[in-house]
Each structure stands twice: as C-alpha cells, then as structure tokens.
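Undergrad: Structure file start_27.cif, mmCIF, C-alpha atoms and all ligand atoms, is pasted below:
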data_work
#
loop_
_atom_site.label_atom_id
_atom_site.label_comp_id
_atom_site.auth_asym_id
_atom_site.auth_seq_id
_atom_site.Cartn_x
_atom_site.Cartn_y
_atom_site.Cartn_z
CA MET A 1 -11.74 13.65 20.70
CA ALA A 2 -8.71 14.70 18.65
CA PHE A 3 -5.39 13.09 19.51
CA GLN A 4 -2.49 15.04 21.01
CA ARG A 5 0.31 12.46 20.88
CA VAL A 6 0.43 10.01 17.99
CA GLY A 7 3.11 7.35 17.52
CA ILE A 8 4.04 6.47 13.93
CA MET A 9 6.09 3.42 13.00
CA SER A 10 7.86 4.32 10.71
CA ILE A 11 8.68 7.56 8.93
CA GLY A 12 8.88 6.19 5.38
CA GLU A 13 7.27 8.02 2.44
CA MET A 14 3.73 7.64 3.76
CA GLY A 15 4.70 8.05 7.45
CA PHE A 16 6.44 11.32 6.56
CA HIS A 17 3.29 12.79 5.04
CA TRP A 18 1.19 11.63 8.01
CA ALA A 19 3.70 13.21 10.38
CA LYS A 20 3.76 16.53 8.51
CA LEU A 21 -0.03 16.66 8.41
CA LEU A 22 -0.42 15.86 12.13
CA LYS A 23 2.29 18.35 13.08
CA SER A 24 0.56 21.06 11.06
CA HIS A 25 -2.44 20.51 13.37
CA GLY A 26 -0.30 20.86 16.50
CA VAL A 27 -0.11 17.12 17.27
CA GLU A 28 3.07 15.74 18.82
CA VAL A 29 4.30 12.88 16.63
CA LEU A 30 6.54 10.24 18.23
CA THR A 31 8.52 7.45 16.67
CA TYR A 32 11.12 4.90 17.67
CA ASP A 33 13.68 4.97 14.89
CA LYS A 34 17.00 3.97 16.47
CA ASP A 35 17.07 0.80 14.36
CA ARG A 36 15.87 2.47 11.15
CA GLY A 37 17.90 3.46 8.10
CA GLU A 38 19.41 6.88 7.69
CA VAL A 39 16.77 8.10 5.23
CA SER A 40 13.91 7.31 7.60
CA ARG A 41 15.70 8.96 10.53
CA LYS A 42 16.41 12.08 8.46
CA ARG A 43 12.81 12.18 7.29
CA ALA A 44 11.65 11.99 10.89
CA ALA A 45 13.91 14.89 11.86
CA ASN A 46 12.74 16.94 8.85
CA ALA A 47 9.10 16.41 9.76
CA GLY A 48 9.72 17.48 13.37
CA VAL A 49 8.98 14.01 14.74
CA THR A 50 10.18 13.26 18.29
CA SER A 51 12.50 10.27 18.28
CA VAL A 52 11.96 8.47 21.60
CA PRO A 53 14.73 6.37 23.19
CA SER A 54 12.86 3.04 23.32
CA MET A 55 9.74 1.15 22.27
CA ASN A 56 8.72 1.21 25.94
CA THR A 57 8.71 5.02 25.90
CA LEU A 58 6.71 5.07 22.67
CA VAL A 59 4.12 2.71 24.11
CA LYS A 60 3.92 4.66 27.38
CA GLU A 61 3.56 8.09 25.77
CA ALA A 62 1.48 7.68 22.60
CA GLU A 63 -2.32 7.68 22.70
CA VAL A 64 -2.35 5.68 19.50
CA ILE A 65 0.36 4.01 17.42
CA VAL A 66 -0.14 3.83 13.66
CA SER A 67 1.92 1.24 11.81
CA ILE A 68 2.92 2.42 8.32
CA VAL A 69 5.79 0.18 7.28
CA VAL A 70 6.63 -2.22 4.48
CA PRO A 71 3.94 -4.91 4.56
CA SER A 72 6.49 -7.63 5.35
CA ALA A 73 7.37 -5.82 8.63
CA ALA A 74 3.78 -5.29 9.80
CA LYS A 75 3.62 -8.31 12.10
CA LYS A 76 7.08 -7.63 13.57
CA VAL A 77 6.08 -4.07 14.48
CA ALA A 78 2.88 -5.29 16.15
CA ALA A 79 4.91 -7.86 18.11
CA LYS A 80 7.30 -5.15 19.33
CA VAL A 81 4.37 -3.01 20.46
CA ALA A 82 2.78 -5.98 22.26
CA LYS A 83 6.05 -6.79 24.01
CA ALA A 84 6.50 -3.18 25.17
CA ALA A 85 2.86 -2.98 26.33
CA LEU A 86 3.33 -6.11 28.45
CA LYS A 87 6.59 -4.80 29.86
CA THR A 88 5.27 -1.34 30.73
CA GLY A 89 1.83 -2.51 31.84
CA ARG A 90 0.18 -0.04 29.42
CA LYS A 91 -3.45 -1.08 29.09
CA ASP A 92 -5.47 1.43 27.05
CA LEU A 93 -3.20 1.64 24.00
CA LEU A 94 -4.75 1.80 20.56
CA PHE A 95 -2.84 0.31 17.61
CA CYS A 96 -3.78 0.76 13.98
CA ASP A 97 -2.12 -1.24 11.22
CA ALA A 98 -2.49 0.86 8.06
CA ASN A 99 -0.42 -1.36 5.77
CA ALA A 100 -1.29 -3.22 2.59
CA ILE A 101 -1.39 -6.65 4.26
CA SER A 102 -3.58 -9.67 3.70
CA PRO A 103 -6.51 -10.33 6.04
CA MET A 104 -4.59 -13.42 7.22
CA THR A 105 -1.74 -11.16 8.39
CA ALA A 106 -4.29 -8.87 10.05
CA ASP A 107 -5.65 -11.92 11.93
CA ALA A 108 -2.12 -12.80 13.02
CA ILE A 109 -1.57 -9.23 14.28
CA ALA A 110 -4.84 -9.35 16.25
CA ALA A 111 -3.63 -12.57 17.87
CA VAL A 112 -0.27 -11.00 18.80
CA LEU A 113 -1.83 -7.88 20.34
CA ALA A 114 -4.75 -9.42 22.25
CA PRO A 115 -2.71 -11.04 25.08
CA ALA A 116 -0.98 -7.66 25.67
CA GLY A 117 -4.34 -5.88 26.04
CA VAL A 118 -3.65 -3.56 23.08
CA SER A 119 -6.78 -2.55 21.15
CA PHE A 120 -6.31 -3.32 17.46
CA VAL A 121 -7.88 -1.44 14.56
CA ASP A 122 -7.29 -2.81 11.07
CA GLY A 123 -6.70 -0.09 8.49
CA CYS A 124 -5.61 0.68 4.96
CA ILE A 125 -4.78 3.79 3.00
CA ILE A 126 -6.24 4.48 -0.43
CA GLY A 127 -4.52 7.33 -2.22
CA SER A 128 -1.00 8.65 -2.46
CA ALA A 129 1.24 9.81 0.36
CA ALA A 130 1.49 13.28 -1.18
CA ARG A 131 -2.30 13.62 -0.99
CA MET A 132 -2.53 12.99 2.76
CA GLY A 133 -4.86 15.71 4.03
CA LYS A 134 -5.97 16.39 0.44
CA GLY A 135 -8.19 13.41 -0.24
CA THR A 136 -6.26 10.25 0.60
CA ILE A 137 -8.72 8.07 2.52
CA VAL A 138 -8.15 5.82 5.51
CA TYR A 139 -10.43 2.81 5.78
CA LEU A 140 -10.80 1.13 9.17
CA SER A 141 -12.45 -1.93 10.63
CA GLY A 142 -12.87 -3.67 13.95
CA PRO A 143 -14.82 -3.07 17.15
CA GLU A 144 -12.48 -0.24 18.26
CA ALA A 145 -12.42 1.59 14.91
CA GLU A 146 -14.63 4.47 16.16
CA ARG A 147 -11.87 5.37 18.63
CA LEU A 148 -9.84 6.69 15.68
CA ARG A 149 -12.53 9.21 14.69
CA GLY A 150 -10.28 11.89 16.20
CA LEU A 151 -8.14 11.68 13.04
CA GLU A 152 -10.91 13.39 11.07
CA ALA A 153 -10.00 16.64 12.82
CA PHE A 154 -6.74 16.53 10.83
CA ASN A 155 -8.34 16.32 7.37
CA ILE A 156 -7.97 12.56 7.18
CA PRO A 157 -11.21 11.20 5.71
CA LEU A 158 -12.14 7.99 7.57
CA LYS A 159 -14.46 5.24 6.44
CA ILE A 160 -15.37 2.49 8.85
CA LEU A 161 -16.04 -0.75 7.02
CA GLY A 162 -17.31 -3.14 9.68
CA PRO A 163 -16.71 -4.95 12.95
CA SER A 164 -13.98 -7.45 11.94
CA THR A 165 -10.29 -6.74 12.44
CA ASN A 166 -9.43 -7.98 8.96
CA GLN A 167 -11.99 -6.23 6.76
CA ALA A 168 -9.86 -3.16 6.02
CA SER A 169 -7.02 -5.43 4.86
CA ALA A 170 -9.41 -7.47 2.71
CA PHE A 171 -10.75 -4.19 1.29
CA LYS A 172 -7.26 -3.02 0.31
CA VAL A 173 -6.28 -6.30 -1.34
CA ILE A 174 -9.58 -6.44 -3.26
CA TYR A 175 -9.27 -2.77 -4.27
CA ALA A 176 -5.73 -3.42 -5.50
CA GLY A 177 -7.12 -6.29 -7.58
CA LEU A 178 -9.09 -3.83 -9.69
CA THR A 179 -6.23 -1.43 -10.33
CA LYS A 180 -3.76 -4.22 -11.13
CA GLY A 181 -6.43 -6.16 -13.03
CA PHE A 182 -7.05 -3.14 -15.29
CA GLN A 183 -3.32 -2.83 -15.87
CA GLY A 184 -2.98 -6.50 -16.87
CA LEU A 185 -6.09 -6.49 -19.06
CA PHE A 186 -5.19 -3.28 -20.87
CA CYS A 187 -1.62 -4.42 -21.49
CA GLU A 188 -2.78 -7.72 -22.95
CA LEU A 189 -5.44 -6.20 -25.20
CA LEU A 190 -3.25 -3.33 -26.35
CA MET A 191 -0.48 -5.75 -27.37
CA GLY A 192 -3.10 -7.43 -29.57
CA ALA A 193 -4.20 -4.09 -31.01
CA ARG A 194 -0.58 -3.18 -31.73
CA LYS A 195 -0.11 -6.49 -33.58
CA PHE A 196 -2.98 -5.57 -35.94
CA GLY A 197 -1.85 -1.94 -36.33
CA LEU A 198 -4.98 -0.79 -34.50
CA LEU A 199 -3.54 0.73 -31.35
CA ASN A 200 -4.79 4.30 -31.88
CA GLU A 201 -8.13 3.13 -33.17
CA ILE A 202 -8.84 0.87 -30.18
CA ARG A 203 -7.65 3.53 -27.73
CA ALA A 204 -10.06 6.01 -29.35
CA GLN A 205 -12.95 3.54 -29.09
CA TYR A 206 -12.13 2.69 -25.46
CA GLU A 207 -12.21 6.42 -24.76
CA GLU A 208 -15.56 6.74 -26.53
CA SER A 209 -17.08 3.80 -24.64
CA PHE A 210 -15.37 4.30 -21.25
CA PRO A 211 -14.39 7.97 -21.06
CA GLY A 212 -11.28 8.61 -18.97
CA LEU A 213 -10.71 4.98 -17.97
CA LEU A 214 -7.51 4.28 -19.91
CA ASP A 215 -6.23 7.74 -19.01
CA LYS A 216 -6.68 6.92 -15.32
CA VAL A 217 -4.84 3.61 -15.67
CA SER A 218 -2.11 4.86 -18.01
CA GLY A 219 0.15 6.27 -15.25
CA SER A 220 0.22 2.90 -13.54
CA ILE A 221 0.83 1.08 -16.83
CA ILE A 222 3.86 3.32 -17.36
CA GLY A 223 4.94 2.54 -13.78
CA LEU A 224 4.88 -1.19 -14.59
CA GLN A 225 8.34 -0.79 -16.08
CA ILE A 226 9.56 -0.59 -12.48
CA HIS A 227 6.78 -2.01 -10.31
CA ALA A 228 5.43 -5.00 -12.29
CA GLY A 229 7.15 -7.57 -10.04
CA ARG A 230 5.75 -6.16 -6.78
CA ARG A 231 2.28 -5.77 -8.28
CA ALA A 232 2.37 -9.37 -9.53
CA GLU A 233 3.06 -10.41 -5.91
CA GLU A 234 0.02 -8.44 -4.77
CA MET A 235 -2.10 -10.47 -7.16
CA ASP A 236 -0.71 -13.60 -5.55
CA GLU A 237 -1.75 -12.18 -2.17
CA LEU A 238 -5.25 -11.57 -3.51
CA LYS A 239 -5.49 -15.15 -4.75
CA ARG A 240 -4.22 -16.51 -1.41
CA THR A 241 -6.76 -14.34 0.42
CA PHE A 242 -9.62 -15.78 -1.61
CA ASN A 243 -8.34 -19.35 -1.39
CA SER A 244 -7.82 -19.25 2.35
CA HIS A 245 -11.40 -18.03 2.76
CA GLY A 246 -12.97 -20.77 0.62
CA LEU A 247 -13.23 -18.81 -2.65
CA ASP A 248 -11.71 -19.54 -6.03
CA SER A 249 -9.85 -16.79 -7.85
CA PHE A 250 -9.40 -16.82 -11.62
CA MET A 251 -8.87 -13.16 -12.52
CA ALA A 252 -6.09 -12.43 -10.03
CA PRO A 253 -3.80 -15.21 -11.35
CA ALA A 254 -4.44 -14.03 -14.92
CA ALA A 255 -3.48 -10.44 -14.07
CA GLN A 256 -0.49 -11.82 -12.17
CA LYS A 257 0.72 -13.67 -15.30
CA VAL A 258 0.64 -10.53 -17.44
CA LEU A 259 2.37 -8.47 -14.74
CA ARG A 260 5.00 -11.20 -14.30
CA ALA A 261 5.61 -11.26 -18.04
CA ILE A 262 6.23 -7.50 -17.91
CA ALA A 263 8.56 -7.93 -14.92
CA ALA A 264 10.48 -10.57 -16.91
CA LEU A 265 11.28 -7.95 -19.58
CA ASN A 266 13.69 -6.47 -16.99
CA LEU A 267 13.04 -2.91 -17.99
CA GLY A 268 14.94 -1.83 -14.92
CA GLN A 269 14.95 0.79 -12.25
CA ALA A 270 13.59 4.32 -12.31
CA SER A 271 15.84 6.30 -14.62
CA ASP A 272 16.42 9.93 -15.50
CA SER A 273 13.89 9.55 -18.27
CA GLY A 274 11.62 8.53 -15.37
CA ALA A 275 9.39 5.61 -16.27
CA ARG A 276 6.50 7.22 -14.39
CA HIS A 277 6.81 10.36 -16.49
CA GLY A 278 6.96 8.59 -19.85
CA GLU A 279 4.11 8.38 -22.31
CA LEU A 280 1.67 5.50 -22.53
CA ALA A 281 2.31 5.07 -26.29
CA GLU A 282 6.06 4.88 -25.76
CA THR A 283 5.67 2.38 -22.90
CA LEU A 284 3.41 0.12 -24.97
CA GLU A 285 5.84 0.30 -27.87
CA LEU A 286 8.67 -0.72 -25.54
CA PHE A 287 6.62 -3.67 -24.24
CA TYR A 288 5.85 -4.69 -27.82
CA GLU A 289 9.43 -4.37 -29.06
CA ARG A 290 10.67 -6.46 -26.12
CA GLY A 291 8.23 -9.19 -27.10
CA LEU A 292 5.64 -8.94 -24.34
CA LEU A 293 3.19 -11.89 -24.57
CA ARG A 294 4.79 -13.13 -27.79
CA THR A 295 4.65 -16.90 -28.13
CA LYS A 296 7.59 -18.69 -29.73
CA ALA A 297 5.77 -19.59 -32.95
CA PRO A 298 2.54 -17.84 -33.98
CA ALA A 299 -0.37 -20.32 -33.92
CA GLY A 300 -1.16 -21.66 -37.38
CA ASN A 301 2.34 -21.02 -38.77
CA SER A 302 4.29 -24.07 -39.70
N1 LIG B 1 3.61 5.61 -0.48
C1 LIG B 1 2.34 5.67 -0.85
O1 LIG B 1 1.93 6.54 -1.65
C2 LIG B 1 1.34 4.70 -0.24
C3 LIG B 1 0.01 4.75 -0.68
C4 LIG B 1 -0.93 3.90 -0.08
C5 LIG B 1 -0.55 3.02 0.91
N2 LIG B 1 0.76 2.97 1.32
C6 LIG B 1 1.13 2.00 2.37
O2 LIG B 1 1.94 2.59 3.36
C7 LIG B 1 2.88 1.64 3.83
C8 LIG B 1 4.27 2.26 3.77
O3 LIG B 1 4.58 2.57 2.44
P1 LIG B 1 5.72 3.65 2.09
O4 LIG B 1 5.53 4.01 0.67
O5 LIG B 1 5.79 4.71 3.13
O6 LIG B 1 7.03 2.72 2.21
P2 LIG B 1 8.54 3.18 2.41
O7 LIG B 1 8.76 4.58 1.92
O8 LIG B 1 9.36 2.09 1.86
O9 LIG B 1 8.72 3.23 4.01
C9 LIG B 1 8.66 2.06 4.79
C10 LIG B 1 9.13 2.40 6.20
O10 LIG B 1 9.05 1.21 6.99
C11 LIG B 1 10.26 1.10 7.72
N3 LIG B 1 10.51 -0.27 8.11
C12 LIG B 1 10.97 -1.31 7.34
N4 LIG B 1 11.11 -2.41 8.10
C13 LIG B 1 10.73 -2.08 9.36
C14 LIG B 1 10.68 -2.77 10.59
N5 LIG B 1 11.02 -4.07 10.68
N6 LIG B 1 10.26 -2.11 11.69
C15 LIG B 1 9.91 -0.80 11.62
N7 LIG B 1 9.94 -0.08 10.48
C16 LIG B 1 10.34 -0.71 9.37
C17 LIG B 1 11.31 1.65 6.77
O11 LIG B 1 12.49 1.96 7.48
P3 LIG B 1 13.95 1.83 6.80
O12 LIG B 1 14.25 3.17 6.24
O13 LIG B 1 14.84 1.44 7.93
O14 LIG B 1 13.86 0.77 5.75
C18 LIG B 1 10.58 2.89 6.27
O15 LIG B 1 10.66 3.94 7.20
C19 LIG B 1 2.74 0.37 2.99
O16 LIG B 1 2.03 -0.61 3.68
C20 LIG B 1 1.98 0.86 1.77
O17 LIG B 1 1.16 -0.14 1.22
C21 LIG B 1 1.71 3.79 0.77
#
With the file now loaded, output its structure as structure tokens.

TA:
Amino acid sequence: MAFQRVGIMSIGEMGFHWAKLLKSHGVEVLTYDKDRGEVSRKRAANAGVTSVPSMNTLVKEAEVIVSIVVPSAAKKVAAKVAKAALKTGRKDLLFCDANAISPMTADAIAAVLAPAGVSFVDGCIIGSAARMGKGTIVYLSGPEAERLRGLEAFNIPLKILGPSTNQASAFKVIYAGLTKGFQGLFCELLMGARKFGLLNEIRAQYEESFPGLLDKVSGSIIGLQIHAGRRAEEMDELKRTFNSHGLDSFMAPAAQKVLRAIAALNLGQASDSGARHGELAETLELFYERGLLRTKAPAGNS
C-alpha cells in the first residue's frame, strides 16, 4: 500500500529531491528541522515539507521515517527516533536508514531501535539526488524491507537484497569500492602514460578495449579535485568493513593511497571554473604538473 505521510530526516540535497518527488504524488512529507541549518530549513519550505514541532510529533504522525543525513549523523538520528518512540508509545513505526554507512553502523542502529519496538530497514541509494524518480535506485534489506514496497508507487525503483539489516549498507560500501577503485586505478595508470608521452594513445586503446568505461569514470576523476579526501575515507570504511567481518582487503587501501595523494595536492574547493565541469585531459595535466605519485628521486637515477 502506498504511503500517505512520510517523515524525512533531513532535507539536505537528497532529502529535498525525495520530498519533491513524494509531494508530486500527493504524499504529505514531514520533517523535524528546528535544530537544522538555515539551508536545510529553507529547502524544506521550498519543497512544501511540513515542519513539525518535535520529534515526538514526527514519530506519532509518520507512517515511515527515512533517514537521509550525513553518514556521521545516522546513528544519532536513529537514537532520537528510538527515544521519541519510547516516549510516545508508538509501536508500529517503520524506520529506513538510507545513508552511506558501514554495515557495522547499521548493526548499531538496529541495536538502538530494537528496544523501542521500531522496525528497521537498512537501505542505500545508488544514483544522484537529481535523478530521484528518474532512475536512482533504492536498495533495501532486512526482514521488514517488503513493507517499503509502497515507495514503488512514487517511481522509486526498489531492490530488496536479503534478510539482514546490514546488507544494504554492505552493498553500498562495496559498490563504492568499484567506483573509487576505478578512479584510483585510472589516475595511477594515466600518470604513467603521461610520463611516457602516451596519454592519448592509451586512452584510445582503453576506449577500444573497454568502450565507454573511462568516459563513465571521467566525471568522477574530475571531481577528485574536490572530493578525493572524502572518497579516500570511504575506502577506509570499505577496508574496515572487510576486516571486521574476517576478510582481508588489499585493493581498497591501494585506491585509498592514490585518492589520499590527490587530496594532498590541495587543489581546493569548487570554483567558478567548476572542477566537475572541467575536462579530463586538463584535470590529468593538473595532477601531473602538481607531481601526483612522483617519487623524490626516479628509481635507477643516481
Ligand atoms: N546527494 C546525492 O546525490 C546522493 C547520492 C547517493 C546517496 N546519497 C546519500 O544521501 C545522504 C545525504 O546526502 P546529501 O547529499 O543529501 O547530504 P547533504 O546535502 O549534506 O545533507 C545532509 C542533511 O543532513 C542534515 N544533518 C546533519 N547532521 C544531522 C543531524 N545530527 N541530525 C539530523 N540531520 C542532520 C543536514 O542538516 P544541516 O543543514 O543542519 O547540516 C542536511 O540537511 C548521504 O548518506 C549520502 O551518502 C546522496
């Protein structure tokens, strides 16, 4: 059954696009944003979101609460929902964490919500905020995941991964490993190609052998000028996820090193020239000029 009242914590970039999509389908969207920044509160107002006076009201009135916050706030938000559920005696509440968190954090959220009787669905979002309702996919896991099927009525494609309330988070972190892994690998190899004056030639051969692959990754390589540090942290999260589940991880730390080296170039914040809108060739040239991956003395030189 489709939902009629959905709580969203919070109305950031992704929450805004969820809210607009749900509103366009006649759903009432509720949030508690009294302790949020001005931008989030303005976004909520612009999207026609109802700002409720307290967490208790949110928990009493929403059929489901979806948490779409910065990953570091995910557990805090779940704890606030649990506290309000205990206080109000709300029993049938559904809570979906849709953040890029580790499966360990998802386990911690499950442990926070269980004593309050809140049903927890682990989730993650693959795709951009702007493409909500136009292809961005929501992956879910856990025994209560089917209860979110109602979201499909709003053009949100759902994929249910399995019965554990940490599989969707594991899925997201592993998925991110591929995108960031490609970025690290391409940057390393293309620095080598540039050194030998073979950049165009190797790009042409990559295109021949793997049509469209570098093109797909190039936007995120350009974005590394701004986001390399955060993406390096995600690779650390991937490694910790593997290690805490009895698996070794060799690729994630390698990608992390390349991304960290790019972050150390301090290429700065988004500028008018707009790092995301630059060209791949120009980005690679900048990395090269700034000495990306250059060792102090070339091996073999004395
Ligand atoms: N944006 C995308 O295209 C995209 C794509 C895929 C997945 N995601 C996922 O979606 C989630 C949100 O990303 P975003 O891009 O929307 O981030 P964002 O624009 O930075 O928004 C984050 C929101 O979380 C709020 N927040 C921060 N701390 C909070 C707390 N302690 N309690 C409640 N709310 C808090 C922020 O409020 P303030 O304004 O007060 O800071 C803001 O409204 C992330 O987990 C991300 O991985 C995003």

Undergrad: Closest to Leu214 of chain A among A:Ala108, A:Ile202, A:Asp97, A:Glu285, using all atoms listed in the file?

TA: A:Ile202

Undergrad: Within 9 Å of (7.4, -9.3, -10.9) in the file's own coordinates, which protein, DNA or RNA residues have an atom, counting all atoms listed in the file? List them as a list in words.

TA: His227, Ala228, Gly229, Arg230, Arg231, Ala232, Glu233, Gln256, Leu259, Arg260, Ala261, Ile262, Ala263 and Ala264 of chain A

Undergrad: Pick the closest to ligand LIG 1 (chain B) from A:Lys296, A:Lys42, A:Arg149, A:His25: which is it, counting all atoms listed in the file?

TA: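 For ligand LIG 1 (chain B), the nearest of the candidates is A:Lys42.
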
Undergrad: For a cut-off of 10 Å around (8.0, 3.1, 22.3), file coordinates, pick out all residues using all atoms listed in the file and list them as number ranges by chain.

TA: A: 7-9, 30-33, 51-62, 65, 80-81, 84-85, 88

Undergrad: So the first atom is atom CA of Ala100 of chain A and the second is atom C11 of ligand LIG 1 (chain B); what is the distance between them in Å, to one decimal place?

TA: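 Separation of atom CA of Ala100 of chain A and atom C11 of ligand LIG 1 (chain B): 13.4 Å.
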
Undergrad: Using only C-alpha atoms, can you tell me which of A:Lys76, A:Lys257, A:Arg41, A:Lys172 comes closest to Asp236 of chain A?

TA: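 Smallest distance to Asp236 of chain A is found for A:Lys257.
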
Undergrad: Compute the set of protein, DNA and RNA residues whose minimum atom distance to ligand LIG 1 (chain B) is at most 7 Å, using all atoms listed in the file, and state it as number ranges by chain.

TA: A: 9-15, 35-40, 68-71, 73, 76-77, 98-101, 124-130

Undergrad: Using all atoms listed in the file, can you tell me which of A:Arg5, A:Phe16, A:Leu280, A:Leu267 comes closest to Val29 of chain A?

TA: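 Looking at the shortest contact to Val29 of chain A, the residue is A:Arg5.
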
Undergrad: Tell me which protein, DNA and RNA residues are within 8 Å of segment 157-159 of chain A, counting only C-alpha atoms, leaving out same-chain ones fewer than 5 positions away, and put them as a CSV table (one decimal) with C-alpha atoms, in the frame of the given file.

TA:
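Listed below is the output, part.csv:
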chain,number,residue,atom,x,y,z
A,133,GLY,CA,-4.9,15.7,4.0
A,135,GLY,CA,-8.2,13.4,-0.2
A,136,THR,CA,-6.3,10.2,0.6
A,137,ILE,CA,-8.7,8.1,2.5
A,138,VAL,CA,-8.2,5.8,5.5
A,139,TYR,CA,-10.4,2.8,5.8
A,140,LEU,CA,-10.8,1.1,9.2
A,149,ARG,CA,-12.5,9.2,14.7
A,151,LEU,CA,-8.1,11.7,13.0
A,152,GLU,CA,-10.9,13.4,11.1

Undergrad: Quick one: of A:Met191, A:Ile222, A:Ala106, A:Leu178, who's nearest to Arg203 of chain A, counting all atoms listed in the file?

TA: A:Met191

Undergrad: Kindly give the distance, in Å, that separates atom CA of Ser244 of chain A and atom CA of Ser164 of chain A, rounded to a single decimal.

TA: 16.4 Å

Undergrad: How many Å separate atom CA of Thr165 of chain A from atom CA of Val121 of chain A?

TA: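 One can read the atom CA of Thr165 of chain A to atom CA of Val121 of chain A distance as 6.2 Å.
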
Undergrad: For a quick check of understanding, using all atoms listed in the file, which of A:Ile174, A:Ser72, A:Glu63, A:Leu148 has the smallest distance to Ser249 of chain A?

TA: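 For Ser249 of chain A, the nearest of the candidates is A:Ile174.
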
Undergrad: Do you know which residues are at most 9 Å from Ala255 of chain A counting all atoms listed in the file, after dropping those on the same chain fewer than 2 positions away, and could you put them as an mmCIF file with C-alpha atoms, keeping the file's coordinate frame?

TA:
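result-v8.cif written:
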data_model
loop_
_atom_site.group_PDB
_atom_site.id
_atom_site.type_symbol
_atom_site.label_atom_id
_atom_site.label_comp_id
_atom_site.auth_asym_id
_atom_site.auth_seq_id
_atom_site.Cartn_x
_atom_site.Cartn_y
_atom_site.Cartn_z
ATOM 1 C CA GLY A 177 -7.120 -6.290 -7.580
ATOM 2 C CA LYS A 180 -3.760 -4.220 -11.130
ATOM 3 C CA GLY A 181 -6.430 -6.160 -13.030
ATOM 4 C CA PHE A 182 -7.050 -3.140 -15.290
ATOM 5 C CA GLN A 183 -3.320 -2.830 -15.870
ATOM 6 C CA GLY A 184 -2.980 -6.500 -16.870
ATOM 7 C CA LEU A 185 -6.090 -6.490 -19.060
ATOM 8 C CA ALA A 232 2.370 -9.370 -9.530
ATOM 9 C CA MET A 235 -2.100 -10.470 -7.160
ATOM 10 C CA MET A 251 -8.870 -13.160 -12.520
ATOM 11 C CA ALA A 252 -6.090 -12.430 -10.030
ATOM 12 C CA PRO A 253 -3.800 -15.210 -11.350
ATOM 13 C CA LYS A 257 0.720 -13.670 -15.300
ATOM 14 C CA VAL A 258 0.640 -10.530 -17.440
ATOM 15 C CA LEU A 259 2.370 -8.470 -14.740
ATOM 16 C CA ARG A 260 5.000 -11.200 -14.300
#
